[in-house]
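A.B. asks: What follows is my_file-v8.txt, compact mmCIF, N, CA and C atoms.
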```
# COMPACT_ATOMS: atom_id res chain seq x y z
N MET A 16 124.73 128.87 126.44
CA MET A 16 125.06 127.82 127.37
C MET A 16 125.63 126.61 126.62
N VAL A 17 125.04 126.28 125.48
CA VAL A 17 125.52 125.12 124.73
C VAL A 17 126.91 125.39 124.17
N LEU A 18 127.16 126.62 123.71
CA LEU A 18 128.47 126.93 123.12
C LEU A 18 129.59 126.86 124.15
N ALA A 19 129.28 126.97 125.43
CA ALA A 19 130.30 126.91 126.47
C ALA A 19 130.75 125.48 126.75
N GLN A 20 130.00 124.49 126.29
CA GLN A 20 130.34 123.09 126.50
C GLN A 20 131.46 122.67 125.55
N PRO A 21 132.18 121.58 125.88
CA PRO A 21 133.31 121.17 125.03
C PRO A 21 132.92 120.93 123.56
N PHE A 22 131.82 120.27 123.32
CA PHE A 22 131.38 120.03 121.95
C PHE A 22 130.25 120.96 121.54
N GLY A 23 130.06 122.03 122.28
CA GLY A 23 128.97 122.97 122.02
C GLY A 23 128.96 123.55 120.63
N PRO A 24 130.11 124.08 120.15
CA PRO A 24 130.10 124.63 118.79
C PRO A 24 129.71 123.61 117.73
N TRP A 25 130.15 122.37 117.92
CA TRP A 25 129.78 121.32 116.96
C TRP A 25 128.27 121.06 117.00
N LEU A 26 127.71 121.01 118.19
CA LEU A 26 126.27 120.77 118.32
C LEU A 26 125.46 121.91 117.69
N VAL A 27 125.91 123.14 117.91
CA VAL A 27 125.21 124.29 117.33
C VAL A 27 125.32 124.26 115.82
N CYS A 28 126.50 123.92 115.30
CA CYS A 28 126.67 123.82 113.84
C CYS A 28 125.79 122.71 113.27
N MET A 29 125.73 121.57 113.97
CA MET A 29 124.87 120.48 113.48
C MET A 29 123.40 120.90 113.49
N SER A 30 123.00 121.62 114.52
CA SER A 30 121.61 122.09 114.59
C SER A 30 121.32 123.06 113.43
N GLY A 31 122.26 123.96 113.19
CA GLY A 31 122.10 124.89 112.07
C GLY A 31 122.05 124.15 110.75
N GLY A 32 122.92 123.16 110.58
CA GLY A 32 122.91 122.37 109.35
C GLY A 32 121.61 121.61 109.15
N MET A 33 121.07 121.09 110.26
CA MET A 33 119.79 120.39 110.16
C MET A 33 118.66 121.34 109.77
N LEU A 34 118.66 122.55 110.34
CA LEU A 34 117.63 123.52 109.96
C LEU A 34 117.75 123.91 108.49
N ILE A 35 118.98 124.07 108.02
CA ILE A 35 119.18 124.38 106.60
C ILE A 35 118.69 123.21 105.76
N GLY A 36 118.95 121.98 106.21
CA GLY A 36 118.46 120.80 105.49
C GLY A 36 116.94 120.75 105.44
N VAL A 37 116.29 121.10 106.54
CA VAL A 37 114.82 121.15 106.56
C VAL A 37 114.33 122.21 105.57
N GLY A 38 115.02 123.36 105.54
CA GLY A 38 114.65 124.40 104.59
C GLY A 38 114.79 123.92 103.15
N LEU A 39 115.89 123.21 102.86
CA LEU A 39 116.08 122.67 101.50
C LEU A 39 115.02 121.63 101.16
N ALA A 40 114.62 120.83 102.16
CA ALA A 40 113.55 119.85 101.93
C ALA A 40 112.24 120.56 101.59
N HIS A 41 111.97 121.69 102.23
CA HIS A 41 110.77 122.45 101.91
C HIS A 41 110.85 123.00 100.48
N PHE A 42 112.03 123.49 100.09
CA PHE A 42 112.20 123.96 98.72
C PHE A 42 111.98 122.82 97.72
N SER A 43 112.52 121.65 98.02
CA SER A 43 112.35 120.50 97.14
C SER A 43 110.89 120.11 97.01
N ARG A 44 110.20 120.09 98.14
CA ARG A 44 108.78 119.74 98.13
C ARG A 44 107.96 120.77 97.34
N ALA A 45 108.36 122.05 97.45
CA ALA A 45 107.67 123.10 96.69
C ALA A 45 107.94 122.94 95.20
N TYR A 46 109.18 122.63 94.85
CA TYR A 46 109.56 122.53 93.43
C TYR A 46 108.90 121.34 92.75
N THR A 47 108.88 120.19 93.43
CA THR A 47 108.33 118.98 92.81
C THR A 47 106.81 118.94 92.86
N ALA A 48 106.21 119.63 93.82
CA ALA A 48 104.75 119.67 94.01
C ALA A 48 104.15 118.28 94.21
N HIS A 49 104.93 117.37 94.82
CA HIS A 49 104.38 116.05 95.12
C HIS A 49 103.25 116.10 96.13
N PHE A 50 103.13 117.20 96.86
CA PHE A 50 102.06 117.33 97.84
C PHE A 50 100.69 117.29 97.18
N MET A 51 100.63 117.54 95.89
CA MET A 51 99.34 117.50 95.19
C MET A 51 98.76 116.09 95.16
N GLN A 52 99.60 115.06 95.33
CA GLN A 52 99.11 113.68 95.37
C GLN A 52 98.33 113.40 96.65
N GLU A 53 98.48 114.26 97.65
CA GLU A 53 97.78 114.07 98.92
C GLU A 53 96.33 114.57 98.87
N TYR A 54 95.98 115.25 97.80
CA TYR A 54 94.63 115.80 97.67
C TYR A 54 93.68 114.79 97.07
N ALA A 55 92.43 114.86 97.50
CA ALA A 55 91.36 114.09 96.87
C ALA A 55 90.92 114.91 95.67
N SER A 56 91.64 114.76 94.57
CA SER A 56 91.45 115.63 93.41
C SER A 56 90.07 115.47 92.77
N GLY A 57 89.39 114.36 93.03
CA GLY A 57 88.05 114.18 92.49
C GLY A 57 87.05 115.14 93.11
N GLU A 58 87.34 115.62 94.30
CA GLU A 58 86.45 116.55 94.99
C GLU A 58 86.77 118.00 94.66
N MET A 59 87.85 118.22 93.93
CA MET A 59 88.30 119.58 93.64
C MET A 59 88.15 119.86 92.14
N GLY A 60 87.77 121.08 91.85
CA GLY A 60 87.75 121.50 90.46
C GLY A 60 89.16 121.87 90.01
N ALA A 61 89.32 122.11 88.73
CA ALA A 61 90.64 122.46 88.19
C ALA A 61 91.15 123.77 88.79
N ARG A 62 90.25 124.71 89.00
CA ARG A 62 90.64 126.00 89.58
C ARG A 62 91.15 125.83 91.01
N HIS A 63 90.46 125.00 91.81
CA HIS A 63 90.90 124.74 93.18
C HIS A 63 92.26 124.03 93.19
N GLN A 64 92.46 123.13 92.25
CA GLN A 64 93.75 122.43 92.17
C GLN A 64 94.88 123.39 91.85
N ARG A 65 94.64 124.32 90.91
CA ARG A 65 95.68 125.30 90.56
C ARG A 65 96.01 126.18 91.77
N TRP A 66 94.96 126.63 92.48
CA TRP A 66 95.19 127.47 93.66
C TRP A 66 95.93 126.69 94.75
N ALA A 67 95.53 125.44 94.97
CA ALA A 67 96.19 124.62 96.00
C ALA A 67 97.67 124.44 95.66
N GLN A 68 97.97 124.19 94.40
CA GLN A 68 99.37 124.01 94.01
C GLN A 68 100.14 125.32 94.17
N TRP A 69 99.56 126.42 93.74
CA TRP A 69 100.24 127.71 93.85
C TRP A 69 100.50 128.06 95.31
N LEU A 70 99.48 127.89 96.15
CA LEU A 70 99.64 128.19 97.58
C LEU A 70 100.68 127.27 98.22
N GLY A 71 100.67 126.01 97.85
CA GLY A 71 101.65 125.07 98.40
C GLY A 71 103.07 125.41 97.98
N GLU A 72 103.25 125.74 96.72
CA GLU A 72 104.60 126.07 96.24
C GLU A 72 105.14 127.31 96.93
N TRP A 73 104.34 128.37 96.96
CA TRP A 73 104.81 129.61 97.59
C TRP A 73 104.96 129.47 99.09
N GLY A 74 104.00 128.78 99.71
CA GLY A 74 104.06 128.61 101.16
C GLY A 74 105.24 127.77 101.61
N LEU A 75 105.48 126.66 100.92
CA LEU A 75 106.61 125.82 101.29
C LEU A 75 107.94 126.51 101.01
N ALA A 76 108.01 127.29 99.94
CA ALA A 76 109.24 128.05 99.66
C ALA A 76 109.49 129.08 100.76
N ALA A 77 108.44 129.75 101.22
CA ALA A 77 108.60 130.73 102.30
C ALA A 77 109.07 130.07 103.58
N ARG A 78 108.52 128.90 103.89
CA ARG A 78 108.99 128.17 105.07
C ARG A 78 110.43 127.75 104.90
N GLY A 79 110.81 127.38 103.68
CA GLY A 79 112.21 127.04 103.41
C GLY A 79 113.13 128.21 103.69
N VAL A 80 112.69 129.41 103.30
CA VAL A 80 113.49 130.61 103.57
C VAL A 80 113.65 130.83 105.08
N THR A 81 112.56 130.70 105.82
CA THR A 81 112.65 130.96 107.26
C THR A 81 113.54 129.92 107.96
N PHE A 82 113.42 128.65 107.58
CA PHE A 82 114.29 127.64 108.16
C PHE A 82 115.74 127.89 107.76
N GLY A 83 115.97 128.28 106.52
CA GLY A 83 117.33 128.55 106.05
C GLY A 83 117.97 129.71 106.78
N ILE A 84 117.22 130.77 106.99
CA ILE A 84 117.75 131.94 107.70
C ILE A 84 118.11 131.56 109.13
N SER A 85 117.22 130.87 109.82
CA SER A 85 117.50 130.45 111.20
C SER A 85 118.70 129.51 111.26
N GLY A 86 118.75 128.56 110.34
CA GLY A 86 119.87 127.63 110.31
C GLY A 86 121.18 128.33 110.00
N GLY A 87 121.14 129.31 109.11
CA GLY A 87 122.36 130.07 108.79
C GLY A 87 122.91 130.81 109.98
N PHE A 88 122.03 131.42 110.76
CA PHE A 88 122.49 132.13 111.95
C PHE A 88 123.06 131.16 112.99
N LEU A 89 122.43 130.01 113.15
CA LEU A 89 122.96 129.02 114.09
C LEU A 89 124.31 128.50 113.62
N LEU A 90 124.43 128.24 112.34
CA LEU A 90 125.69 127.76 111.78
C LEU A 90 126.79 128.79 112.00
N TYR A 91 126.48 130.04 111.74
CA TYR A 91 127.46 131.11 111.94
C TYR A 91 127.85 131.24 113.41
N ALA A 92 126.88 131.10 114.31
CA ALA A 92 127.17 131.18 115.74
C ALA A 92 128.08 130.03 116.16
N GLY A 93 127.84 128.84 115.61
CA GLY A 93 128.68 127.69 115.96
C GLY A 93 130.09 127.83 115.42
N ILE A 94 130.24 128.35 114.22
CA ILE A 94 131.56 128.53 113.63
C ILE A 94 132.34 129.61 114.36
N SER A 95 131.67 130.71 114.67
CA SER A 95 132.37 131.81 115.35
C SER A 95 132.47 131.58 116.86
N ALA A 96 131.75 130.57 117.37
CA ALA A 96 131.70 130.27 118.80
C ALA A 96 131.30 131.51 119.60
N ASP A 97 130.41 132.32 119.02
CA ASP A 97 129.95 133.54 119.66
C ASP A 97 128.46 133.38 119.97
N PRO A 98 128.10 133.19 121.24
CA PRO A 98 126.69 132.99 121.59
C PRO A 98 125.79 134.15 121.20
N SER A 99 126.35 135.35 121.07
CA SER A 99 125.51 136.50 120.72
C SER A 99 125.04 136.42 119.27
N GLU A 100 125.67 135.57 118.46
CA GLU A 100 125.27 135.42 117.06
C GLU A 100 124.13 134.43 116.90
N ALA A 101 123.87 133.63 117.91
CA ALA A 101 122.79 132.66 117.85
C ALA A 101 121.47 133.41 118.05
N ARG A 102 120.60 133.30 117.07
CA ARG A 102 119.31 134.00 117.13
C ARG A 102 118.20 133.02 116.78
N GLY A 103 117.07 133.28 117.34
CA GLY A 103 115.89 132.56 116.93
C GLY A 103 115.36 133.18 115.65
N LEU A 104 114.22 132.72 115.22
CA LEU A 104 113.65 133.25 113.99
C LEU A 104 113.37 134.74 114.10
N GLY A 105 112.85 135.18 115.25
CA GLY A 105 112.56 136.61 115.43
C GLY A 105 113.80 137.46 115.31
N GLY A 106 114.89 137.06 115.97
CA GLY A 106 116.13 137.80 115.88
C GLY A 106 116.72 137.78 114.48
N ALA A 107 116.60 136.65 113.81
CA ALA A 107 117.10 136.54 112.44
C ALA A 107 116.33 137.47 111.51
N LEU A 108 115.03 137.55 111.69
CA LEU A 108 114.23 138.42 110.83
C LEU A 108 114.50 139.88 111.09
N VAL A 109 114.85 140.23 112.34
CA VAL A 109 115.22 141.62 112.66
C VAL A 109 116.49 141.99 111.89
N VAL A 110 117.47 141.09 111.87
CA VAL A 110 118.71 141.34 111.14
C VAL A 110 118.42 141.48 109.64
N VAL A 111 117.57 140.62 109.11
CA VAL A 111 117.21 140.71 107.69
C VAL A 111 116.52 142.03 107.40
N ALA A 112 115.66 142.47 108.29
CA ALA A 112 114.91 143.72 108.09
C ALA A 112 115.85 144.93 108.03
N GLN A 113 117.02 144.84 108.66
CA GLN A 113 117.96 145.95 108.69
C GLN A 113 118.81 146.03 107.42
N GLN A 114 118.69 145.06 106.53
CA GLN A 114 119.45 145.07 105.28
C GLN A 114 118.76 145.99 104.27
N PRO A 115 119.49 146.41 103.21
CA PRO A 115 118.90 147.35 102.25
C PRO A 115 117.55 146.90 101.67
N TYR A 116 117.44 145.65 101.26
CA TYR A 116 116.18 145.16 100.69
C TYR A 116 115.44 144.28 101.69
N GLY A 117 115.81 144.36 102.95
CA GLY A 117 115.22 143.53 103.99
C GLY A 117 113.72 143.64 104.13
N PRO A 118 113.17 144.87 104.18
CA PRO A 118 111.71 144.97 104.31
C PRO A 118 110.97 144.32 103.14
N TRP A 119 111.51 144.43 101.95
CA TRP A 119 110.86 143.80 100.79
C TRP A 119 110.92 142.28 100.91
N LEU A 120 112.08 141.77 101.30
CA LEU A 120 112.23 140.33 101.48
C LEU A 120 111.28 139.83 102.56
N LEU A 121 111.20 140.55 103.66
CA LEU A 121 110.29 140.13 104.74
C LEU A 121 108.84 140.19 104.29
N GLY A 122 108.49 141.17 103.47
CA GLY A 122 107.13 141.25 102.95
C GLY A 122 106.80 140.05 102.07
N VAL A 123 107.74 139.67 101.22
CA VAL A 123 107.51 138.51 100.35
C VAL A 123 107.40 137.24 101.18
N VAL A 124 108.28 137.09 102.19
CA VAL A 124 108.22 135.92 103.06
C VAL A 124 106.92 135.92 103.85
N ALA A 125 106.47 137.07 104.32
CA ALA A 125 105.21 137.15 105.06
C ALA A 125 104.04 136.72 104.18
N LEU A 126 104.02 137.19 102.94
CA LEU A 126 102.96 136.75 102.02
C LEU A 126 103.04 135.25 101.76
N GLY A 127 104.27 134.74 101.68
CA GLY A 127 104.45 133.30 101.50
C GLY A 127 103.95 132.51 102.69
N LEU A 128 104.16 133.03 103.89
CA LEU A 128 103.66 132.34 105.08
C LEU A 128 102.14 132.39 105.16
N VAL A 129 101.55 133.47 104.68
CA VAL A 129 100.09 133.53 104.57
C VAL A 129 99.63 132.47 103.57
N ALA A 130 100.36 132.35 102.45
CA ALA A 130 100.04 131.32 101.45
C ALA A 130 100.15 129.94 102.07
N TYR A 131 101.15 129.73 102.94
CA TYR A 131 101.30 128.44 103.59
C TYR A 131 100.10 128.15 104.50
N GLY A 132 99.64 129.16 105.21
CA GLY A 132 98.46 128.97 106.05
C GLY A 132 97.23 128.59 105.24
N LEU A 133 97.05 129.25 104.11
CA LEU A 133 95.93 128.92 103.23
C LEU A 133 96.10 127.53 102.61
N PHE A 134 97.34 127.16 102.31
CA PHE A 134 97.64 125.82 101.81
C PHE A 134 97.25 124.78 102.85
N CYS A 135 97.59 125.02 104.11
CA CYS A 135 97.21 124.09 105.18
C CYS A 135 95.69 123.99 105.31
N LEU A 136 95.01 125.11 105.14
CA LEU A 136 93.55 125.10 105.16
C LEU A 136 93.00 124.27 104.00
N SER A 137 93.59 124.43 102.81
CA SER A 137 93.12 123.65 101.66
C SER A 137 93.37 122.16 101.89
N GLN A 138 94.47 121.82 102.54
CA GLN A 138 94.73 120.41 102.82
C GLN A 138 93.73 119.87 103.85
N ALA A 139 93.35 120.72 104.79
CA ALA A 139 92.36 120.29 105.77
C ALA A 139 91.02 120.02 105.11
N LEU A 140 90.70 120.78 104.08
CA LEU A 140 89.42 120.62 103.41
C LEU A 140 89.41 119.50 102.37
N TYR A 141 90.52 119.31 101.66
CA TYR A 141 90.52 118.42 100.50
C TYR A 141 91.52 117.28 100.57
N ARG A 142 92.13 117.05 101.70
CA ARG A 142 93.14 116.00 101.78
C ARG A 142 92.49 114.63 101.68
N ARG A 143 93.15 113.75 100.95
CA ARG A 143 92.66 112.39 100.77
C ARG A 143 92.87 111.64 102.09
N PRO A 144 91.91 110.86 102.53
CA PRO A 144 92.09 110.09 103.78
C PRO A 144 93.24 109.09 103.63
N PRO A 145 94.01 108.87 104.69
CA PRO A 145 95.11 107.91 104.59
C PRO A 145 94.60 106.50 104.40
N CYS A 146 95.31 105.72 103.66
CA CYS A 146 95.01 104.30 103.42
C CYS A 146 93.62 104.09 102.83
N GLY A 147 93.10 105.05 102.13
CA GLY A 147 91.81 104.89 101.45
C GLY A 147 90.63 104.81 102.39
N GLY A 148 90.82 105.18 103.67
CA GLY A 148 89.71 105.15 104.64
C GLY A 148 88.69 106.23 104.35
N SER A 149 87.59 106.18 105.07
CA SER A 149 86.54 107.19 104.85
C SER A 149 86.57 108.27 105.87
```
Could you show the structure in this file as structure tokens?

C.D. replies:
Amino acid sequence: MVLAQPFGPWLVCMSGGMLIGVGLAHFSRAYTAHFMQEYASGEMGARHQRWAQWLGEWGLAARGVTFGISGGFLLYAGISADPSEARGLGGALVVVAQQPYGPWLLGVVALGLVAYGLFCLSQALYRRPPCGGS
């Protein structure tokens, strides 16, 4: 429906570009590991800190992949002005699964998303209160 509008392809391309940007931001956050500053590290042992960092890096990278894949399909749909190319995350993952190494890639991304879930759990348990509150 959006692609049928006069500026529809541009809007779809911008949406795809924004999703790719969000994916790149997740990769950046995973690479720099600045999220570790959000933890109350005094309450965590060294082992917990290593696990939290590992889970955060892998989980954020996996989210970056999923946002990048979705954004890539939207960008392609906007450029080709073909509404059938616009897919949500589920449709994008189906296309990836049909590629030669697709099942392996999806398995790695699935494990990364599990890592992201565990990372979120670790943040719920050990996150430092905002503004030094109790």

A.B. asks: Residues near region 62-79 of chain A, anyone? I mean within 6 Å using all atoms listed in the file, not counting same-chain ones fewer than 5 positions away, as a list in words.

C.D. replies: Val37, Gly38, Leu39, His41, Phe42, Ala45, Tyr46, Ile84, Val124, Gly127, Leu128, Ala130, Tyr131 and Phe134 of chain A

A.B. asks: Just the residues within 5 Å of Gly86 (chain A), please, counting all atoms listed in the file, with nothing from its chain fewer than 3 positions along; format it as a list in words.

C.D. replies: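 In the requested form, the answer reads Gly31, Leu34, Ile35, Phe82, Gly83, Leu89 and Leu90 of chain A.
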
A.B. asks: Write out as a VMD selection string all residues of chain A that DSSP puts in helix (DSSP H, G or I) for this structure's backbone.

C.D. replies: chain A and resid 23 to 47 49 to 53 56 to 58 61 to 95 98 to 100 104 to 112 117 to 141 145 to 147

A.B. asks: What gap, in Å, lies between atom C of Tyr91 (chain A) and atom C of Cys28 (chain A)?

C.D. replies: 8.8 Å

A.B. asks: Hey, can you check how far atom N of Ala92 (chain A) sits from atom N of Gly32 (chain A)?

C.D. replies: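 The value is 9.6 Å.
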
A.B. asks: Would you mind reading off the distance between atom C of Ala96 (chain A) and atom C of Val109 (chain A), one decimal, in Å?

C.D. replies: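 About the pair atom C of Ala96 (chain A) and atom C of Val109 (chain A): they are 19.7 Å apart.
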
A.B. asks: If the box runs along x, y and z of the file and leaves 8 Å on each side of region 135-140 of chain A, what are its centre and edge lengths in Å, one decimal, as AutoDock Vina command-line options?

C.D. replies:
```
--center_x 93.5 --center_y 122.3 --center_z 103.7 --size_x 24.2 --size_y 21.6 --size_z 20.1
```
